[in-house]
Structures are given as C-alpha cells and as structure tokens.
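Data from protein_7.cif: mmCIF, C-alpha atoms and all ligand atoms
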```
data_structure
#
loop_
_atom_site.group_PDB
_atom_site.id
_atom_site.type_symbol
_atom_site.label_atom_id
_atom_site.label_comp_id
_atom_site.auth_asym_id
_atom_site.auth_seq_id
_atom_site.Cartn_x
_atom_site.Cartn_y
_atom_site.Cartn_z
ATOM 1 C CA MET A 5 0.000 0.000 0.000
ATOM 2 C CA THR A 6 1.172 3.553 -0.614
ATOM 3 C CA GLN A 7 1.486 5.952 2.311
ATOM 4 C CA GLN A 8 -1.737 7.641 1.178
ATOM 5 C CA GLU A 9 -3.626 4.318 1.072
ATOM 6 C CA LEU A 10 -2.328 3.363 4.510
ATOM 7 C CA MET A 11 -3.467 6.684 5.948
ATOM 8 C CA GLN A 12 -6.931 6.161 4.424
ATOM 9 C CA ARG A 13 -7.093 2.626 5.830
ATOM 10 C CA ILE A 14 -6.191 3.926 9.297
ATOM 11 C CA GLU A 15 -8.913 6.585 9.085
ATOM 12 C CA GLU A 16 -11.432 3.896 8.053
ATOM 13 C CA LEU A 17 -10.425 1.609 10.932
ATOM 14 C CA LYS A 18 -10.653 4.485 13.424
ATOM 15 C CA ARG A 19 -14.202 5.242 12.264
ATOM 16 C CA GLN A 20 -15.306 1.589 12.268
ATOM 17 C CA LYS A 21 -13.975 0.890 15.747
ATOM 18 C CA GLY A 22 -14.471 4.249 17.428
ATOM 19 C CA ALA A 23 -10.717 4.346 18.050
ATOM 20 C CA VAL A 24 -8.653 7.430 18.803
ATOM 21 C CA ILE A 25 -4.923 7.755 18.091
ATOM 22 C CA LEU A 26 -2.683 9.616 20.518
ATOM 23 C CA ALA A 27 0.894 10.309 19.394
ATOM 24 C CA HIS A 28 3.940 11.690 21.135
ATOM 25 C CA TYR A 29 5.882 14.545 19.513
ATOM 26 C CA TYR A 30 8.880 12.241 18.949
ATOM 27 C CA THR A 31 7.077 9.891 16.561
ATOM 28 C CA ALA A 32 7.696 10.134 12.803
ATOM 29 C CA PRO A 33 5.885 12.972 10.954
ATOM 30 C CA GLU A 34 3.558 10.597 9.046
ATOM 31 C CA VAL A 35 2.550 8.990 12.364
ATOM 32 C CA GLN A 36 1.863 12.430 13.855
ATOM 33 C CA ALA A 37 -0.286 13.106 10.761
ATOM 34 C CA VAL A 38 -2.761 10.290 11.567
ATOM 35 C CA ALA A 39 -3.027 11.237 15.252
ATOM 36 C CA ASP A 40 -6.166 12.760 16.719
ATOM 37 C CA PHE A 41 -4.064 14.263 19.513
ATOM 38 C CA LEU A 42 -0.375 15.049 19.796
ATOM 39 C CA GLY A 43 1.213 15.868 23.095
ATOM 40 C CA ASP A 44 3.785 15.258 25.798
ATOM 41 C CA SER A 45 3.768 11.993 27.665
ATOM 42 C CA LEU A 46 1.536 12.958 30.545
ATOM 43 C CA ALA A 47 -0.901 15.218 28.676
ATOM 44 C CA LEU A 48 -1.617 12.333 26.302
ATOM 45 C CA SER A 49 -2.403 9.939 29.140
ATOM 46 C CA VAL A 50 -4.732 12.450 30.739
ATOM 47 C CA LYS A 51 -6.314 12.940 27.307
ATOM 48 C CA ALA A 52 -6.759 9.155 27.023
ATOM 49 C CA ARG A 53 -8.651 9.213 30.324
ATOM 50 C CA ASP A 54 -10.908 12.101 29.316
ATOM 51 C CA ILE A 55 -11.739 11.010 25.756
ATOM 52 C CA ASP A 56 -15.031 9.279 25.202
ATOM 53 C CA ALA A 57 -13.774 6.391 23.033
ATOM 54 C CA PRO A 58 -13.667 2.640 23.663
ATOM 55 C CA ILE A 59 -10.251 2.154 22.017
ATOM 56 C CA ILE A 60 -7.119 4.261 22.405
ATOM 57 C CA LEU A 61 -4.092 3.542 20.243
ATOM 58 C CA PHE A 62 -0.977 5.052 21.811
ATOM 59 C CA ALA A 63 1.720 5.842 19.250
ATOM 60 C CA GLY A 64 4.727 6.084 21.530
ATOM 61 C CA VAL A 65 6.877 3.982 23.847
ATOM 62 C CA ASN A 66 5.450 1.409 26.236
ATOM 63 C CA PHE A 67 5.602 3.374 29.524
ATOM 64 C CA MET A 68 3.346 6.014 27.902
ATOM 65 C CA ALA A 69 0.715 3.460 26.843
ATOM 66 C CA GLU A 70 0.929 1.901 30.323
ATOM 67 C CA THR A 71 0.324 5.302 31.927
ATOM 68 C CA ALA A 72 -2.733 5.755 29.704
ATOM 69 C CA LYS A 73 -4.035 2.355 30.850
ATOM 70 C CA VAL A 74 -3.362 3.233 34.510
ATOM 71 C CA LEU A 75 -5.652 6.253 34.118
ATOM 72 C CA SER A 76 -8.185 4.511 31.828
ATOM 73 C CA PRO A 77 -8.626 0.967 33.109
ATOM 74 C CA ASP A 78 -11.969 0.501 31.349
ATOM 75 C CA LYS A 79 -10.695 1.403 27.895
ATOM 76 C CA LYS A 80 -8.843 -0.851 25.499
ATOM 77 C CA VAL A 81 -5.360 0.676 25.176
ATOM 78 C CA LEU A 82 -3.388 -0.537 22.157
ATOM 79 C CA ILE A 83 0.314 -0.059 21.445
ATOM 80 C CA PRO A 84 1.530 -0.842 17.910
ATOM 81 C CA VAL A 85 4.971 -2.083 19.056
ATOM 82 C CA ALA A 86 4.802 -3.570 22.549
ATOM 83 C CA GLU A 87 8.597 -3.848 22.782
ATOM 84 C CA ALA A 88 9.177 -0.146 22.005
ATOM 85 C CA GLY A 89 10.890 0.621 25.291
ATOM 86 C CA CYS A 90 12.338 3.774 26.815
ATOM 87 C CA SER A 91 15.995 3.585 27.859
ATOM 88 C CA LEU A 92 15.300 5.855 30.826
ATOM 89 C CA ALA A 93 12.354 3.799 32.118
ATOM 90 C CA GLU A 94 14.399 0.635 31.542
ATOM 91 C CA SER A 95 17.283 2.023 33.583
ATOM 92 C CA CYS A 96 15.091 1.518 36.666
ATOM 93 C CA ASP A 97 13.979 -2.062 37.235
ATOM 94 C CA ALA A 98 11.069 -2.305 39.718
ATOM 95 C CA ALA A 99 12.627 -5.083 41.845
ATOM 96 C CA GLU A 100 15.979 -3.273 42.060
ATOM 97 C CA PHE A 101 14.177 -0.052 42.844
ATOM 98 C CA ALA A 102 12.231 -1.747 45.668
ATOM 99 C CA ALA A 103 15.553 -2.862 47.202
ATOM 100 C CA PHE A 104 16.966 0.677 46.827
ATOM 101 C CA LYS A 105 13.863 2.191 48.416
ATOM 102 C CA ALA A 106 14.152 -0.212 51.364
ATOM 103 C CA LYS A 107 17.512 1.380 52.228
ATOM 104 C CA TYR A 108 15.813 4.758 52.781
ATOM 105 C CA PRO A 109 12.676 3.941 54.783
ATOM 106 C CA ASP A 110 12.022 7.535 55.876
ATOM 107 C CA HIS A 111 12.275 8.993 52.327
ATOM 108 C CA LYS A 112 9.336 9.955 50.107
ATOM 109 C CA VAL A 113 9.591 8.715 46.535
ATOM 110 C CA VAL A 114 9.155 11.159 43.642
ATOM 111 C CA SER A 115 9.391 9.580 40.233
ATOM 112 C CA TYR A 116 9.269 10.889 36.744
ATOM 113 C CA VAL A 117 6.504 9.549 34.492
ATOM 114 C CA ASN A 118 9.201 7.851 32.370
ATOM 115 C CA THR A 119 8.991 4.740 34.558
ATOM 116 C CA SER A 120 7.319 1.352 34.395
ATOM 117 C CA VAL A 121 4.009 0.879 36.150
ATOM 118 C CA GLY A 122 5.892 -1.266 38.715
ATOM 119 C CA VAL A 123 8.106 1.694 39.691
ATOM 120 C CA LYS A 124 5.125 4.057 39.752
ATOM 121 C CA ALA A 125 3.461 1.651 42.175
ATOM 122 C CA LEU A 126 6.438 2.162 44.554
ATOM 123 C CA THR A 127 6.150 5.939 44.219
ATOM 124 C CA ASP A 128 4.496 8.502 46.494
ATOM 125 C CA VAL A 129 4.113 11.161 43.850
ATOM 126 C CA CYS A 130 4.930 11.224 40.138
ATOM 127 C CA CYS A 131 6.202 14.247 38.265
ATOM 128 C CA THR A 132 6.814 15.336 34.679
ATOM 129 C CA SER A 133 9.659 17.423 33.345
ATOM 130 C CA SER A 134 7.331 20.456 33.502
ATOM 131 C CA ASN A 135 6.198 20.129 37.084
ATOM 132 C CA ALA A 136 9.131 18.325 38.811
ATOM 133 C CA LEU A 137 10.180 21.537 40.566
ATOM 134 C CA GLN A 138 6.658 22.219 41.793
ATOM 135 C CA VAL A 139 6.224 18.628 42.981
ATOM 136 C CA VAL A 140 9.490 18.638 44.949
ATOM 137 C CA GLU A 141 8.733 22.070 46.409
ATOM 138 C CA SER A 142 5.341 20.832 47.598
ATOM 139 C CA ILE A 143 7.153 18.403 49.943
ATOM 140 C CA PRO A 144 8.322 19.941 53.257
ATOM 141 C CA ALA A 145 12.014 20.912 53.104
ATOM 142 C CA GLU A 146 12.978 18.640 56.013
ATOM 143 C CA GLN A 147 11.432 15.556 54.354
ATOM 144 C CA PRO A 148 14.132 13.471 52.596
ATOM 145 C CA ILE A 149 13.319 12.382 49.046
ATOM 146 C CA ILE A 150 14.303 9.623 46.623
ATOM 147 C CA PHE A 151 14.123 10.956 43.065
ATOM 148 C CA ALA A 152 13.955 8.411 40.220
ATOM 149 C CA PRO A 153 14.879 7.422 37.615
ATOM 150 C CA ASP A 154 16.641 10.309 35.849
ATOM 151 C CA ARG A 155 19.866 11.522 37.484
ATOM 152 C CA ASN A 156 19.890 14.529 35.124
ATOM 153 C CA LEU A 157 16.372 15.771 35.863
ATOM 154 C CA GLY A 158 16.938 14.949 39.554
ATOM 155 C CA GLY A 159 20.247 16.798 39.601
ATOM 156 C CA TYR A 160 18.647 19.801 37.906
ATOM 157 C CA ILE A 161 15.872 19.918 40.515
ATOM 158 C CA ARG A 162 18.340 19.425 43.377
ATOM 159 C CA GLU A 163 20.366 22.344 42.071
ATOM 160 C CA LYS A 164 17.288 24.565 41.635
ATOM 161 C CA THR A 165 15.854 23.816 45.061
ATOM 162 C CA GLY A 166 19.163 23.599 46.916
ATOM 163 C CA ARG A 167 17.816 20.450 48.617
ATOM 164 C CA LYS A 168 20.634 18.338 49.980
ATOM 165 C CA ASN A 169 18.325 15.588 51.225
ATOM 166 C CA MET A 170 17.495 14.209 47.769
ATOM 167 C CA VAL A 171 18.901 10.800 46.818
ATOM 168 C CA LEU A 172 19.000 10.138 43.062
ATOM 169 C CA TRP A 173 18.511 6.879 41.199
ATOM 170 C CA ASN A 174 21.318 6.588 38.664
ATOM 171 C CA GLY A 175 19.337 6.403 35.398
ATOM 172 C CA ALA A 176 19.408 8.352 32.151
ATOM 173 C CA CYS A 177 17.990 8.565 28.634
ATOM 174 C CA ASP A 178 20.390 7.326 25.938
ATOM 175 C CA VAL A 179 19.248 9.998 23.489
ATOM 176 C CA HIS A 180 19.371 13.066 25.753
ATOM 177 C CA GLU A 181 22.668 12.060 27.380
ATOM 178 C CA LYS A 182 24.391 12.480 24.023
ATOM 179 C CA PHE A 183 23.760 16.186 23.498
ATOM 180 C CA PHE A 184 27.040 17.996 24.158
ATOM 181 C CA VAL A 185 28.244 21.507 24.977
ATOM 182 C CA GLU A 186 30.621 21.957 22.004
ATOM 183 C CA GLY A 187 27.894 20.999 19.508
ATOM 184 C CA ILE A 188 25.504 23.593 20.947
ATOM 185 C CA GLU A 189 28.185 26.293 21.284
ATOM 186 C CA ALA A 190 29.105 25.829 17.615
ATOM 187 C CA LEU A 191 25.454 26.343 16.623
ATOM 188 C CA LYS A 192 25.234 29.400 18.896
ATOM 189 C CA LYS A 193 28.163 30.942 17.014
ATOM 190 C CA GLU A 194 26.368 30.387 13.698
ATOM 191 C CA HIS A 195 23.028 31.635 15.073
ATOM 192 C CA PRO A 196 23.844 34.219 17.758
ATOM 193 C CA GLU A 197 20.221 35.402 18.053
ATOM 194 C CA ALA A 198 18.818 31.913 18.566
ATOM 195 C CA LYS A 199 17.328 30.875 21.912
ATOM 196 C CA VAL A 200 18.401 27.498 23.255
ATOM 197 C CA VAL A 201 15.571 25.217 24.405
ATOM 198 C CA VAL A 202 16.557 22.122 26.379
ATOM 199 C CA HIS A 203 14.820 19.047 27.771
ATOM 200 C CA PRO A 204 15.941 18.464 31.402
ATOM 201 C CA GLU A 205 16.935 14.863 30.619
ATOM 202 C CA CYS A 206 20.157 16.385 29.229
ATOM 203 C CA LYS A 207 23.364 16.541 31.288
ATOM 204 C CA ALA A 208 23.837 19.471 33.690
ATOM 205 C CA GLU A 209 26.395 21.281 31.516
ATOM 206 C CA VAL A 210 23.956 21.145 28.570
ATOM 207 C CA THR A 211 20.920 22.207 30.614
ATOM 208 C CA ALA A 212 23.002 25.159 31.849
ATOM 209 C CA LEU A 213 23.055 26.502 28.259
ATOM 210 C CA GLY A 214 19.258 26.619 28.033
ATOM 211 C CA ASP A 215 17.279 29.845 27.778
ATOM 212 C CA TYR A 216 14.375 27.557 28.545
ATOM 213 C CA VAL A 217 14.410 24.109 30.164
ATOM 214 C CA GLY A 218 11.251 22.000 30.165
ATOM 215 C CA SER A 219 9.096 19.208 28.782
ATOM 216 C CA THR A 220 8.282 18.839 25.096
ATOM 217 C CA ALA A 221 4.968 20.656 25.598
ATOM 218 C CA GLY A 222 6.744 23.348 27.645
ATOM 219 C CA ILE A 223 9.351 23.843 24.918
ATOM 220 C CA LEU A 224 6.656 24.242 22.251
ATOM 221 C CA GLU A 225 4.821 26.751 24.417
ATOM 222 C CA TYR A 226 8.006 28.726 25.081
ATOM 223 C CA CYS A 227 8.828 28.914 21.340
ATOM 224 C CA ALA A 228 5.284 30.085 20.572
ATOM 225 C CA GLN A 229 5.401 32.824 23.242
ATOM 226 C CA SER A 230 8.981 33.963 22.618
ATOM 227 C CA GLU A 231 9.740 36.960 20.450
ATOM 228 C CA ALA A 232 12.785 35.147 19.056
ATOM 229 C CA ASP A 233 12.702 33.815 15.483
ATOM 230 C CA GLU A 234 15.319 31.082 15.826
ATOM 231 C CA PHE A 235 15.696 28.242 18.302
ATOM 232 C CA ILE A 236 18.370 25.627 18.891
ATOM 233 C CA VAL A 237 16.382 22.567 19.901
ATOM 234 C CA VAL A 238 18.103 20.288 22.401
ATOM 235 C CA THR A 239 15.719 17.361 22.552
ATOM 236 C CA GLU A 240 14.646 14.489 20.305
ATOM 237 C CA ALA A 241 14.431 15.813 16.749
ATOM 238 C CA GLY A 242 10.907 14.458 16.062
ATOM 239 C CA ILE A 243 9.495 17.515 17.817
ATOM 240 C CA LEU A 244 10.653 19.695 14.912
ATOM 241 C CA ALA A 245 7.740 18.457 12.746
ATOM 242 C CA GLU A 246 5.189 19.983 15.119
ATOM 243 C CA MET A 247 7.298 23.121 15.691
ATOM 244 C CA GLU A 248 7.537 23.804 11.962
ATOM 245 C CA LYS A 249 3.843 23.104 11.452
ATOM 246 C CA LYS A 250 2.670 25.297 14.339
ATOM 247 C CA LEU A 251 5.211 28.104 13.917
ATOM 248 C CA PRO A 252 6.062 28.256 10.187
ATOM 249 C CA ALA A 253 7.586 31.739 10.432
ATOM 250 C CA LYS A 254 10.208 30.594 12.971
ATOM 251 C CA ARG A 255 13.347 28.566 12.404
ATOM 252 C CA PHE A 256 14.246 25.471 14.411
ATOM 253 C CA ILE A 257 17.746 24.043 14.415
ATOM 254 C CA PRO A 258 18.198 20.530 15.841
ATOM 255 C CA ALA A 259 21.176 20.187 18.199
ATOM 256 C CA PRO A 260 23.692 17.504 17.190
ATOM 257 C CA SER A 261 24.447 14.387 19.183
ATOM 258 C CA SER A 262 27.941 13.340 20.238
ATOM 259 C CA CYS A 263 27.496 10.005 18.459
ATOM 260 C CA GLY A 264 26.817 11.596 15.097
ATOM 261 C CA LYS A 265 23.976 11.778 12.640
ATOM 262 C CA ARG A 266 20.475 10.712 13.718
ATOM 263 C CA CYS A 267 21.515 9.863 17.290
ATOM 264 C CA ASN A 268 19.285 12.752 18.328
ATOM 265 C CA GLU A 269 16.378 10.480 17.401
ATOM 266 C CA CYS A 270 14.745 7.957 19.728
ATOM 267 C CA GLU A 271 14.848 4.578 17.976
ATOM 268 C CA SER A 272 11.915 3.235 19.955
ATOM 269 C CA MET A 273 9.669 6.131 18.968
ATOM 270 C CA LYS A 274 10.609 5.579 15.332
ATOM 271 C CA MET A 275 9.572 1.901 15.574
ATOM 272 C CA VAL A 276 5.971 3.081 15.296
ATOM 273 C CA THR A 277 4.964 3.155 11.619
ATOM 274 C CA LEU A 278 1.775 3.537 9.591
ATOM 275 C CA GLU A 279 1.969 -0.190 8.771
ATOM 276 C CA ASN A 280 2.053 -1.331 12.401
ATOM 277 C CA ILE A 281 -0.625 1.203 13.407
ATOM 278 C CA ALA A 282 -2.967 -0.200 10.725
ATOM 279 C CA ALA A 283 -2.196 -3.800 11.760
ATOM 280 C CA CYS A 284 -2.705 -2.965 15.442
ATOM 281 C CA LEU A 285 -6.092 -1.333 14.807
ATOM 282 C CA GLU A 286 -7.117 -4.220 12.581
ATOM 283 C CA SER A 287 -6.291 -6.952 15.125
ATOM 284 C CA GLU A 288 -6.849 -4.806 18.247
ATOM 285 C CA SER A 289 -3.512 -6.038 19.569
ATOM 286 C CA PRO A 290 -1.063 -5.754 21.214
ATOM 287 C CA GLU A 291 -3.204 -4.513 24.084
ATOM 288 C CA VAL A 292 -1.800 -3.122 27.360
ATOM 289 C CA GLN A 293 -2.801 -5.335 30.300
ATOM 290 C CA LEU A 294 -1.950 -4.454 33.895
ATOM 291 C CA ASP A 295 -2.199 -6.216 37.206
ATOM 292 C CA GLU A 296 -4.993 -4.400 39.098
ATOM 293 C CA ALA A 297 -3.179 -3.960 42.438
ATOM 294 C CA THR A 298 -0.124 -2.490 40.680
ATOM 295 C CA ARG A 299 -2.343 -0.281 38.536
ATOM 296 C CA THR A 300 -4.203 1.131 41.548
ATOM 297 C CA ALA A 301 -0.956 1.913 43.405
ATOM 298 C CA ALA A 302 0.490 3.595 40.299
ATOM 299 C CA GLU A 303 -2.705 5.588 39.796
ATOM 300 C CA LYS A 304 -2.446 6.946 43.339
ATOM 301 C CA ALA A 305 1.038 8.341 42.613
ATOM 302 C CA ILE A 306 -0.197 10.033 39.426
ATOM 303 C CA LEU A 307 -3.295 11.462 41.112
ATOM 304 C CA ASN A 308 -1.096 12.792 43.955
ATOM 305 C CA MET A 309 0.817 14.721 41.312
ATOM 306 C CA VAL A 310 -2.325 16.024 39.615
ATOM 307 C CA ALA A 311 -3.591 17.256 43.008
ATOM 308 C CA ILE A 312 -0.526 19.559 43.354
ATOM 309 C CA LYS A 313 -1.397 22.876 41.770
HETATM 310 P P1 LIG A 401 7.832 14.682 27.726
HETATM 311 O O1 LIG A 401 7.174 14.219 28.967
HETATM 312 O O2 LIG A 401 8.422 16.014 27.828
HETATM 313 O O3 LIG A 401 6.925 14.500 26.560
HETATM 314 O O4 LIG A 401 9.090 13.769 27.471
HETATM 315 C C1 LIG A 401 8.987 12.429 27.330
HETATM 316 C C2 LIG A 401 10.278 11.893 26.940
HETATM 317 O O5 LIG A 401 10.389 10.723 26.692
HETATM 318 C C3 LIG A 401 11.420 12.778 26.889
HETATM 319 O O6 LIG A 401 12.495 12.100 26.361
HETATM 320 FE FE1 LIG A 402 12.766 7.423 26.588
HETATM 321 FE FE2 LIG A 402 14.752 8.970 25.842
HETATM 322 FE FE3 LIG A 402 13.134 7.940 23.996
HETATM 323 FE FE4 LIG A 402 12.276 9.853 25.673
HETATM 324 S S1 LIG A 402 13.859 10.035 24.110
HETATM 325 S S2 LIG A 402 11.188 7.988 25.119
HETATM 326 S S3 LIG A 402 13.368 9.326 27.546
HETATM 327 S S4 LIG A 402 14.518 6.811 25.344
#
```

Spell out the structure here as structure tokens.
Amino acid sequence: MTQQELMQRIEELKRQKGAVILAHYYTAPEVQAVADFLGDSLALSVKARDIDAPIILFAGVNFMAETAKVLSPDKKVLIPVAEAGCSLAESCDAAEFAAFKAKYPDHKVVSYVNTSVGVKALTDVCCTSSNALQVVESIPAEQPIIFAPDRNLGGYIREKTGRKNMVLWNGACDVHEKFFVEGIEALKKEHPEAKVVVHPECKAEVTALGDYVGSTAGILEYCAQSEADEFIVVTEAGILAEMEKKLPAKRFIPAPSSCGKRCNECESMKMVTLENIAACLESESPEVQLDEATRTAAEKAILNMVAIK
C-alpha cells in the first residue's frame, strides 16, 4: 500500500472501531499526521482518560501506553509495538528499585513519568519534566526524598531547590545524554540570536546553556510565546515536525548528538509506523494489560501529582 492508502485505511479503521490515536511529539511525521491528539507523555495519558472512546491507540513507547491504561482501566489501550521501550524507564527495574527504596525507609519517593508501572506503584508522587520543581517544592524541606529514575532531571531539581536531602537513582535517557556543549556552542556561534531550548533529561552542563528548560509541551509553548525567530532545539528531533507546522515563520535548528547523525532520534519512537498502526487497529492487539493492584498503586502516585497545583 502507498502511504496515502495506509493513511486512508487507518482513518477507516478508526471510524469503524471508534478508536482514537494519541501520538507523542517524537514519533515520525507521518505517524503524527494520523493522530487525533499530539502531546507530551503525561498530557496524552490524561487525554486518554478524558476522551469518550472505547479504544485508544498510543503511538509512543510502552511506559506512555501503560500510563494511559493506569488512568483509563476501562478502555482498550493498544500499542503498535509492545517492545518499544524507553531507555530511561528501563534504567530503573522495579525489583531493584524496591531494594533501593528499602535502604531509605524515611524517604518519600518522587518519580518521573518515564517509569514502568511497577516503579510508579512504589512511588508517592509522580512528576513530569514540567512540574518536577513544583512537585518537589510541595514536599516539606525537612522531608528526605528519593528521586527516580533520571539523574539529570533529579540533579537539575536538586540544584534549583538547593535540597541536599534528595537521593537520586542513577538512570538516564540514551538519546538526551548524548547532546554535548561543544555541539551547541558551535550552533550558537552560527546563530547568535537563537534561543536554546533544552529538555531536562540532558546533562547538567547542557541544561546550563538553556534559555528555557522543560518538557516537550513546555518547549513548544516557550517557542510560541517567545519573540525570538530562531531556536536551537536540544531534545529528540521528532518535535521539529510539530514546531515547523505550528510556527512556520520561525526557524528550528536541531542540536547535534555526540554520536553523530540521527543519534538525536529515539529509535523506539521511530519503531511506530503507519503499517504497524494499521495492523494494530485491525487486530486490536497488542493490548496493554496491567495487574490491578499495581495499577491502583500507580494511579495513586499520578493522582497525587495532579492534586498539586
Ligand atoms: P515529555 O514528557 O516532555 O513529553 O518527554 C517524554 C520523553 O520521553 C522525553 O524524552
Ligand atoms: Fe525514553 Fe529517551 Fe526515547 Fe524519551 S527520548 S522515550 S526518555 S529513550
């Protein structure tokens, strides 16, 4: 089938089955084109909960589809590639995390949404890259905290809050870890007027170069509000499709990765294709299934976050 025919087939299947497609900004442009909603990881899961549709297909990595299922237990949540994992979420195994947590019995656990449902179930309150600061600040200063799984986001928050009593899990994202200072400085020389926008999963020396540091949705919002015309984008390059579509008069320059061409792309996100979306809608599988006790515990941690305003 041609790309056009596949897109038509997907539209037909969505209509027949009452299905809705949610896609993360890092998916390929043609995948974003068949989505009913595009967004950052948490906004999409909340959207999944609020949408009146029996079937949600989540075009993204597996922790995102799991989070959607945590918040929407009565809906069928499909993921086109069940093994599309997130290196950051995978850097924190639930059993190992339980053993780590046991060493700090008086600590509260804050974990980033880029975690498995098993880790969320061991968490007191979740956070996203947009609200991590707010979440940590909502916890009394004398209360020690475990922050998981991202040492970069955790380090950034520890620095911002000056909190010494924050223990970090030693995890990271393979894609964001590879952005490097020299690459960004070289682009800044070529584009001196450009603002630098950075995802906080990057290393501290890279985050320090940011005019804005935040989640994918936060970065898009900042670029829309800013008076600047040029932006050096220090996050996964898939987000450029939406930036260029939404803000055609502005220029977006992807930051390079230390490992060379295309390493600023998340392989797992790019595993989602029009072909596997069509097949997934057709067969209504793979479907996300969660153990109910784990789901309920994970939901509590997410709802604790949502309650912090
Ligand atoms: P957002 O929550 O900002 O969408 O980020 C998800 C992610 O995987 C970043 O690498
Ligand atoms: Fe996970 Fe990194 Fe891919 Fe985001 S870019 S989904 S954190 S591996």

Selection as a list in words: residues within 12 Å of (17.3, 7.3, 59.8), counting all atoms listed in the file:
Ala106, Lys107, Tyr108, Pro109, Asp110, His111, Gln147, Pro148 and Asn169 of chain A

Selection in question (the file shown): the PyMOL selection byres (((not hetatm)) within 6 of (chain A and resi 402)). Which residues does it include, as a list of chain:residue names?
A:Cys90, A:Ser91, A:Leu92, A:Cys177, A:Asp178, A:Val179, A:Glu240, A:Cys270

Could you put an axis-aligned box around every listed atom of segment 176-186 of chain A, padded by 4 Å on each side, and send me its centre and edge lengths in Å to one decimal, as lines of an AutoDock Vina configuration file?
```
center_x = 24.3
center_y = 14.6
center_z = 27.1
size_x = 20.6
size_y = 22.6
size_z = 18.1
```

Taking the file as shown, what set of residues would the PyMOL selection byres (((chain A and resi 173) around 9) and not hetatm) give back, as a CSV table (one decimal) with C-alpha atoms, in the frame of the given file?
```csv
chain,number,residue,atom,x,y,z
A,96,CYS,CA,15.1,1.5,36.7
A,101,PHE,CA,14.2,-0.1,42.8
A,104,PHE,CA,17.0,0.7,46.8
A,150,ILE,CA,14.3,9.6,46.6
A,151,PHE,CA,14.1,11.0,43.1
A,152,ALA,CA,14.0,8.4,40.2
A,153,PRO,CA,14.9,7.4,37.6
A,154,ASP,CA,16.6,10.3,35.8
A,155,ARG,CA,19.9,11.5,37.5
A,158,GLY,CA,16.9,14.9,39.6
A,171,VAL,CA,18.9,10.8,46.8
A,172,LEU,CA,19.0,10.1,43.1
A,174,ASN,CA,21.3,6.6,38.7
A,175,GLY,CA,19.3,6.4,35.4
```

Might you spell out which residues the PyMOL selection byres (((chain A and resi 76) around 9) and not hetatm) would select in the displayed file, as a PyMOL selection string?
chain A and resi 49-50+52-54+71-75+77-81

List as a list in words the residues having at least one atom at most 8 Å from position (15.3, 21.0, 25.5) as given in the file, counting all atoms listed in the file.
Val200, Val201, Val202, His203, Pro204, Cys206, Thr211, Gly214, Tyr216, Val217, Gly218, Ser219, Thr220, Ile223, Val237, Val238 and Thr239 of chain A

When the cut-off is 7 Å and you count all atoms listed in the file, which residues lie near ligand LIG 401 (chain A), shown as a PDB file with C-alpha atoms, keeping the file's coordinate frame?
```
ATOM      1  CA  HIS A  28       3.940  11.690  21.135  1.00  0.00           C
ATOM      2  CA  GLY A  43       1.213  15.868  23.095  1.00  0.00           C
ATOM      3  CA  ASP A  44       3.785  15.258  25.798  1.00  0.00           C
ATOM      4  CA  SER A  45       3.768  11.993  27.665  1.00  0.00           C
ATOM      5  CA  LEU A  46       1.536  12.958  30.545  1.00  0.00           C
ATOM      6  CA  ASN A 118       9.201   7.851  32.370  1.00  0.00           C
ATOM      7  CA  THR A 132       6.814  15.336  34.679  1.00  0.00           C
ATOM      8  CA  SER A 133       9.659  17.423  33.345  1.00  0.00           C
ATOM      9  CA  CYS A 177      17.990   8.565  28.634  1.00  0.00           C
ATOM     10  CA  HIS A 180      19.371  13.066  25.753  1.00  0.00           C
ATOM     11  CA  GLU A 205      16.935  14.863  30.619  1.00  0.00           C
ATOM     12  CA  SER A 219       9.096  19.208  28.782  1.00  0.00           C
ATOM     13  CA  THR A 220       8.282  18.839  25.096  1.00  0.00           C
ATOM     14  CA  ALA A 221       4.968  20.656  25.598  1.00  0.00           C
ATOM     15  CA  GLU A 240      14.646  14.489  20.305  1.00  0.00           C
TER      16      GLU A 240
END
```

Residues at most 9 Å from Leu126 of chain A, counting all atoms listed in the file, excluding those fewer than 4 positions away in the same chain, as an MDAnalysis selection string?
chainID A and resid 98 101:102 105 113 121:122 298 301:302 305

Using only C-alpha atoms, can you tell me which of A:Tyr116, A:Pro144, A:Ala253, A:Ala198 comes closest to Met68 of chain A?
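Closest candidate: A:Tyr116.
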
Residue with smallest distance to Ile281 of chain A - pool A:Leu48, A:Leu10, A:Ile59, A:Ala259, counting all atoms listed in the file
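Once distances to Ile281 of chain A are computed over all atoms listed in the file, the minimum belongs to A:Leu10.
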
Distance criterion (all atoms listed in the file): nearest to Arg255 of chain A out of A:Tyr160, A:Phe184, A:Tyr29, A:Phe235
A:Phe235

For the atom pair atom CA of Met247 of chain A and atom CA of Leu224 of chain A, what is the interatomic distance in Å to one decimal place?
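We find that atom CA of Met247 of chain A and atom CA of Leu224 of chain A lie 6.7 Å from each other.
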